[in-house]
Structure formats: structure tokens, C-alpha cells
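Pasting my_file08.txt here (compact mmCIF, C-alpha atoms):
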```
# COMPACT_ATOMS: atom_id res chain seq x y z
CA MET A 475 13.48 -19.70 -4.62
CA GLU A 476 15.66 -17.96 -2.13
CA TYR A 477 15.90 -14.20 -1.83
CA GLN A 478 19.25 -12.44 -2.22
CA HIS A 479 20.16 -8.85 -1.54
CA ILE A 480 21.56 -7.52 -4.82
CA ARG A 481 23.47 -4.31 -5.46
CA HIS A 482 23.70 -2.92 -8.97
CA GLU A 483 27.43 -3.15 -9.61
CA PHE A 484 28.10 -1.69 -13.04
CA ASP A 485 27.92 1.79 -14.43
CA PRO A 486 25.25 3.31 -16.60
CA VAL A 487 26.03 3.75 -20.30
CA TYR A 488 25.80 7.37 -21.44
CA ASP A 489 27.81 10.29 -22.71
CA ARG A 490 27.29 14.03 -23.11
CA ASN A 491 25.21 13.41 -26.27
CA SER A 492 22.69 10.98 -24.75
CA GLU A 493 19.14 12.17 -25.46
CA ILE A 494 17.15 9.01 -24.73
CA LEU A 495 17.37 7.16 -21.41
CA ILE A 496 16.15 3.57 -21.33
CA LEU A 497 15.63 2.10 -17.87
CA GLY A 498 15.34 -1.52 -16.84
CA THR A 499 14.65 -2.78 -13.34
CA LEU A 500 17.81 -4.58 -12.21
CA PRO A 501 20.32 -6.76 -14.07
CA SER A 502 19.31 -10.41 -14.30
CA VAL A 503 21.45 -13.21 -12.92
CA LYS A 504 23.05 -13.66 -16.38
CA SER A 505 23.63 -9.92 -16.76
CA ARG A 506 25.25 -9.78 -13.33
CA GLU A 507 27.53 -12.67 -14.34
CA GLN A 508 28.55 -10.80 -17.51
CA ARG A 509 28.63 -7.46 -15.70
CA PHE A 510 26.58 -5.78 -18.41
CA TYR A 511 22.98 -5.10 -19.36
CA TYR A 512 20.66 -7.63 -21.01
CA GLY A 513 23.09 -10.51 -20.88
CA HIS A 514 20.56 -13.34 -21.13
CA LYS A 515 20.68 -14.85 -24.64
CA GLN A 516 16.89 -14.93 -24.84
CA ASN A 517 16.42 -11.26 -23.95
CA ARG A 518 15.59 -9.38 -27.12
CA PHE A 519 16.87 -5.93 -26.10
CA TRP A 520 19.97 -5.95 -28.31
CA LYS A 521 18.04 -7.44 -31.27
CA VAL A 522 15.41 -4.71 -30.94
CA ILE A 523 17.95 -1.87 -30.77
CA ALA A 524 19.90 -3.26 -33.75
CA ALA A 525 16.74 -3.75 -35.83
CA LEU A 526 15.42 -0.25 -35.08
CA TYR A 527 18.64 1.31 -36.33
CA GLY A 528 19.29 -1.14 -39.18
CA GLU A 529 22.51 -2.45 -37.68
CA ALA A 530 24.01 -5.84 -36.88
CA VAL A 531 23.19 -7.22 -33.45
CA PRO A 532 26.08 -6.29 -31.16
CA VAL A 533 27.88 -9.15 -29.45
CA THR A 534 30.63 -7.75 -27.25
CA ILE A 535 30.14 -5.27 -24.43
CA GLU A 536 32.14 -2.73 -26.40
CA GLU A 537 29.90 -3.17 -29.47
CA LYS A 538 26.83 -2.81 -27.26
CA LYS A 539 28.11 0.43 -25.75
CA LYS A 540 28.98 1.79 -29.19
CA ILE A 541 25.55 1.16 -30.72
CA LEU A 542 23.88 2.91 -27.80
CA LEU A 543 26.15 5.93 -27.83
CA ARG A 544 26.10 6.21 -31.63
CA HIS A 545 22.33 6.63 -31.40
CA HIS A 546 22.41 8.93 -28.34
CA ILE A 547 20.92 6.34 -25.99
CA ALA A 548 21.73 6.10 -22.30
CA LEU A 549 21.05 2.83 -20.47
CA PHE A 550 20.60 2.26 -16.76
CA ASP A 551 18.28 0.63 -14.23
CA VAL A 552 15.85 2.09 -11.71
CA ILE A 553 17.08 -0.10 -8.85
CA ALA A 554 20.40 0.45 -7.07
CA GLU A 555 19.77 -2.43 -4.70
CA CYS A 556 16.96 -4.70 -3.57
CA ASP A 557 16.02 -8.17 -2.44
CA ILE A 558 15.11 -10.50 -5.30
CA ALA A 559 14.64 -14.21 -5.95
CA GLY A 560 16.62 -15.13 -9.06
CA SER A 561 15.81 -12.72 -11.89
CA SER A 562 12.06 -12.43 -11.40
CA ASP A 563 10.84 -8.83 -11.29
CA SER A 564 7.71 -10.03 -9.51
CA THR A 565 9.83 -10.92 -6.45
CA ILE A 566 11.51 -7.52 -6.06
CA ARG A 567 11.22 -5.99 -2.59
CA ASN A 568 13.08 -3.54 -0.33
CA VAL A 569 14.03 -1.27 -3.24
CA VAL A 570 16.72 1.38 -3.05
CA PRO A 571 16.39 3.45 -6.25
CA THR A 572 19.31 4.55 -8.39
CA ASP A 573 20.31 8.19 -8.53
CA LEU A 574 19.39 9.15 -12.09
CA SER A 575 20.77 12.67 -11.61
CA VAL A 576 24.20 11.18 -12.39
CA ILE A 577 23.05 10.96 -16.02
CA LEU A 578 20.52 13.78 -16.14
CA LYS A 579 23.02 16.40 -14.96
CA GLN A 580 25.59 15.42 -17.59
CA ALA A 581 23.52 14.55 -20.65
CA PRO A 582 20.74 16.37 -22.54
CA VAL A 583 18.19 13.59 -21.96
CA ARG A 584 14.87 14.64 -23.47
CA LYS A 585 12.94 11.37 -23.14
CA ILE A 586 12.91 8.49 -20.69
CA PHE A 587 11.55 5.05 -21.50
CA ALA A 588 11.04 2.08 -19.19
CA ASN A 589 11.68 -1.43 -20.48
CA GLY A 590 8.62 -3.18 -19.08
CA ASN A 591 5.82 -2.51 -16.62
CA LYS A 592 7.87 -3.14 -13.48
CA ALA A 593 10.59 -0.69 -14.55
CA TYR A 594 7.88 1.88 -15.32
CA ASP A 595 6.08 1.36 -12.01
CA LEU A 596 9.32 1.63 -10.05
CA TYR A 597 10.38 4.75 -11.96
CA MET A 598 7.04 6.40 -11.20
CA LYS A 599 7.20 5.37 -7.53
CA TYR A 600 10.81 6.31 -6.78
CA SER A 601 12.22 8.58 -9.48
CA TYR A 602 9.53 10.59 -11.25
CA GLU A 603 9.14 13.16 -8.47
CA LYS A 604 12.90 13.76 -8.42
CA THR A 605 13.38 13.98 -12.19
CA GLY A 606 10.11 15.67 -13.12
CA MET A 607 10.27 13.81 -16.44
CA GLU A 608 7.47 11.62 -17.74
CA ALA A 609 8.50 8.13 -18.84
CA GLY A 610 7.19 6.11 -21.72
CA ARG A 611 6.23 2.53 -20.93
CA LEU A 612 7.61 0.01 -23.43
CA PRO A 613 6.83 -3.70 -23.53
CA SER A 614 9.55 -5.72 -21.86
CA THR A 615 12.18 -7.34 -24.07
CA SER A 616 12.42 -10.18 -21.54
CA PRO A 617 11.73 -13.72 -22.78
CA ALA A 618 9.09 -13.86 -20.03
CA ASN A 619 7.04 -11.41 -22.11
CA ALA A 620 5.82 -14.11 -24.51
CA ALA A 621 2.78 -12.02 -25.54
CA TYR A 622 5.11 -9.83 -27.60
CA GLN A 623 6.72 -11.54 -30.56
CA MET A 624 9.63 -9.69 -32.19
CA GLU A 625 7.54 -7.83 -34.80
CA ARG A 626 5.14 -6.53 -32.17
CA LEU A 627 8.04 -5.47 -29.94
CA LEU A 628 9.62 -3.54 -32.81
CA GLN A 629 6.36 -1.74 -33.55
CA SER A 630 6.06 -0.63 -29.92
CA TRP A 631 9.73 0.30 -29.55
CA LYS A 632 9.74 2.52 -32.68
CA VAL A 633 8.64 5.35 -30.40
CA ILE A 634 12.27 5.79 -29.27
CA LEU A 635 13.21 6.84 -32.81
CA GLY A 636 11.08 9.98 -32.77
```

Render the structure in this file as C-alpha cells.
Amino acid sequence: MEYQHIRHEFDPVYDRNSEILILGTLPSVKSREQRFYYGHKQNRFWKVIAALYGEAVPVTIEEKKKILLRHHIALFDVIAECDIAGSSDSTIRNVVPTDLSVILKQAPVRKIFANGNKAYDLYMKYSYEKTGMEAGRLPSTSPANAAYQMERLLQSWKVILG
């Protein structure tokens, strides 16, 4: 696969009531096409969020934003730009981290969670020192994370409720 230099081109989701910040790595090819987070049909992020809060799975971008904000969740990625082959986190190189202060200065974020090991590792490498906030490591909702079936994902992700 060929490497491309990708810039994160859409805004974080948050408001002045956001208390939980969930961080991914970088939008996938499908997400970049849709210009919104977790756009691949097989990614379980939206199913997990809906199930945790007992709501219908959001379909439109507007519905997705509303479910997050209704539950005081901010959503962003740790990478502002990088080189990547396709959507594979394992190929990420030449990382420029996002500026999380954009959210942290405007919202009362009390907990940060990383969606997957790569997001966690990148947060710890590039952002932890600047934010001073520990991050929880959650299993990735990506379809590539076949070790976690939906029930196991939900069990792990329940930590965002507390």
C-alpha cells in the first residue's frame, strides 16, 4: 500500500458541558470521505455509545453529534496530520499531534479515554505531558479488533459511564 500524507480536516465534537473526551487516532478512509468520525459501517463505535446509553444507533452526522453532546462526550483524534497507508494504524508515521487545549480550555473535561492501543500510545507520547491528564485505554471499536465481540466491548466501555 502507498503512503499518503493526511491532515485531519474536520472539527472536534464538544460543547461547554463536555466532561468525557474520547480520542481516536486519525479518521479512516471512509470517515474522511464522510467528513465525520467512525464512518466505516463495520466500526462499532456508534453501536457501543448507543447501547451504553440505551438509545437508538445514530445514523446521520447530526444524530451522532447530538448523542455525544447529550451525554457530555467530546470526540476528537490525537493526530492532526501524519503519513499513513490506507486506514491502518500500524502504518502511521511522521505524526503531528492535535492541540487538545482547544477542547480542554473550553469544556470541563474530567476524564480522557483512548479508543484503542494506538490512540492511547500516541496520546501518552505526544499529549499527556501537555494536558497532565491520565487517559484510560479502551479496546478499539475497529472491525480489525476481532478479539472483542460486541458484548466484551460493552463491558470494557462501561467505564465511561462512571

Determine, using only C-alpha atoms, which residues of stretch 540-633 of chain A have any atom at most 10 Å from an atom of stretch 503-509 of chain A, and tabulate each with its shortest atom pair and distance in Å to one decimal place, rows ordered by chain and then rising number, as a Markdown table.
```
| residue | atom | partner | partner_atom | distance |
| --- | --- | --- | --- | --- |
| A:Ala559 | CA | A:Val503 | CA | 9.8 |
| A:Gly560 | CA | A:Val503 | CA | 6.5 |
| A:Ser561 | CA | A:Val503 | CA | 5.8 |
| A:Ser562 | CA | A:Val503 | CA | 9.5 |
```

Give me the residues near A:Ile577 as a PyMOL selection string, where near means some atom within 12 Å (using all atoms listed in the file) and where sequence neighbours in that chain fewer than 4 positions away do not count. chain A and resi 485-497+547-551+572-573+581-584+586+605

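As for atom CA of A:Arg611 and atom CA of A:Gly636, they are spaced 14.8 Å apart.
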
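Using all atoms listed in the file, the smallest distance between any of A:Ser502, A:Ser601, A:Thr534, A:Gln629 and A:Pro617 comes from A:Ser502.
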
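With only C-alpha atoms as the basis for measurement, A:Gly498 is the residue among A:Arg481, A:Gly498, A:Val576, A:Asn568 that approaches A:Ala609 most closely.
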
Pick out the closest residue to A:Gln478 from this set: A:Met607, A:Leu543, A:Arg518, A:Ile558. Count only C-alpha atoms. A:Ile558

Taking (7.1, 2.3, -11.3) as a centre in this file's frame and 12 Å as the limit, can you find every polymer residue with an atom that close, using all atoms listed in the file, and give them as a PyMOL selection string? chain A and resi 497-499+551-553+563+566+569+571+587-603+608-611

Of the listed residues A:Cys556, A:Met475, A:Ile480, A:Val522, that which approaches A:Arg626 most closely, counting all atoms listed in the file: A:Val522

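The spacing separating atom CA of A:Leu578 from atom CA of A:Gly606 amounts to 11.0 Å.
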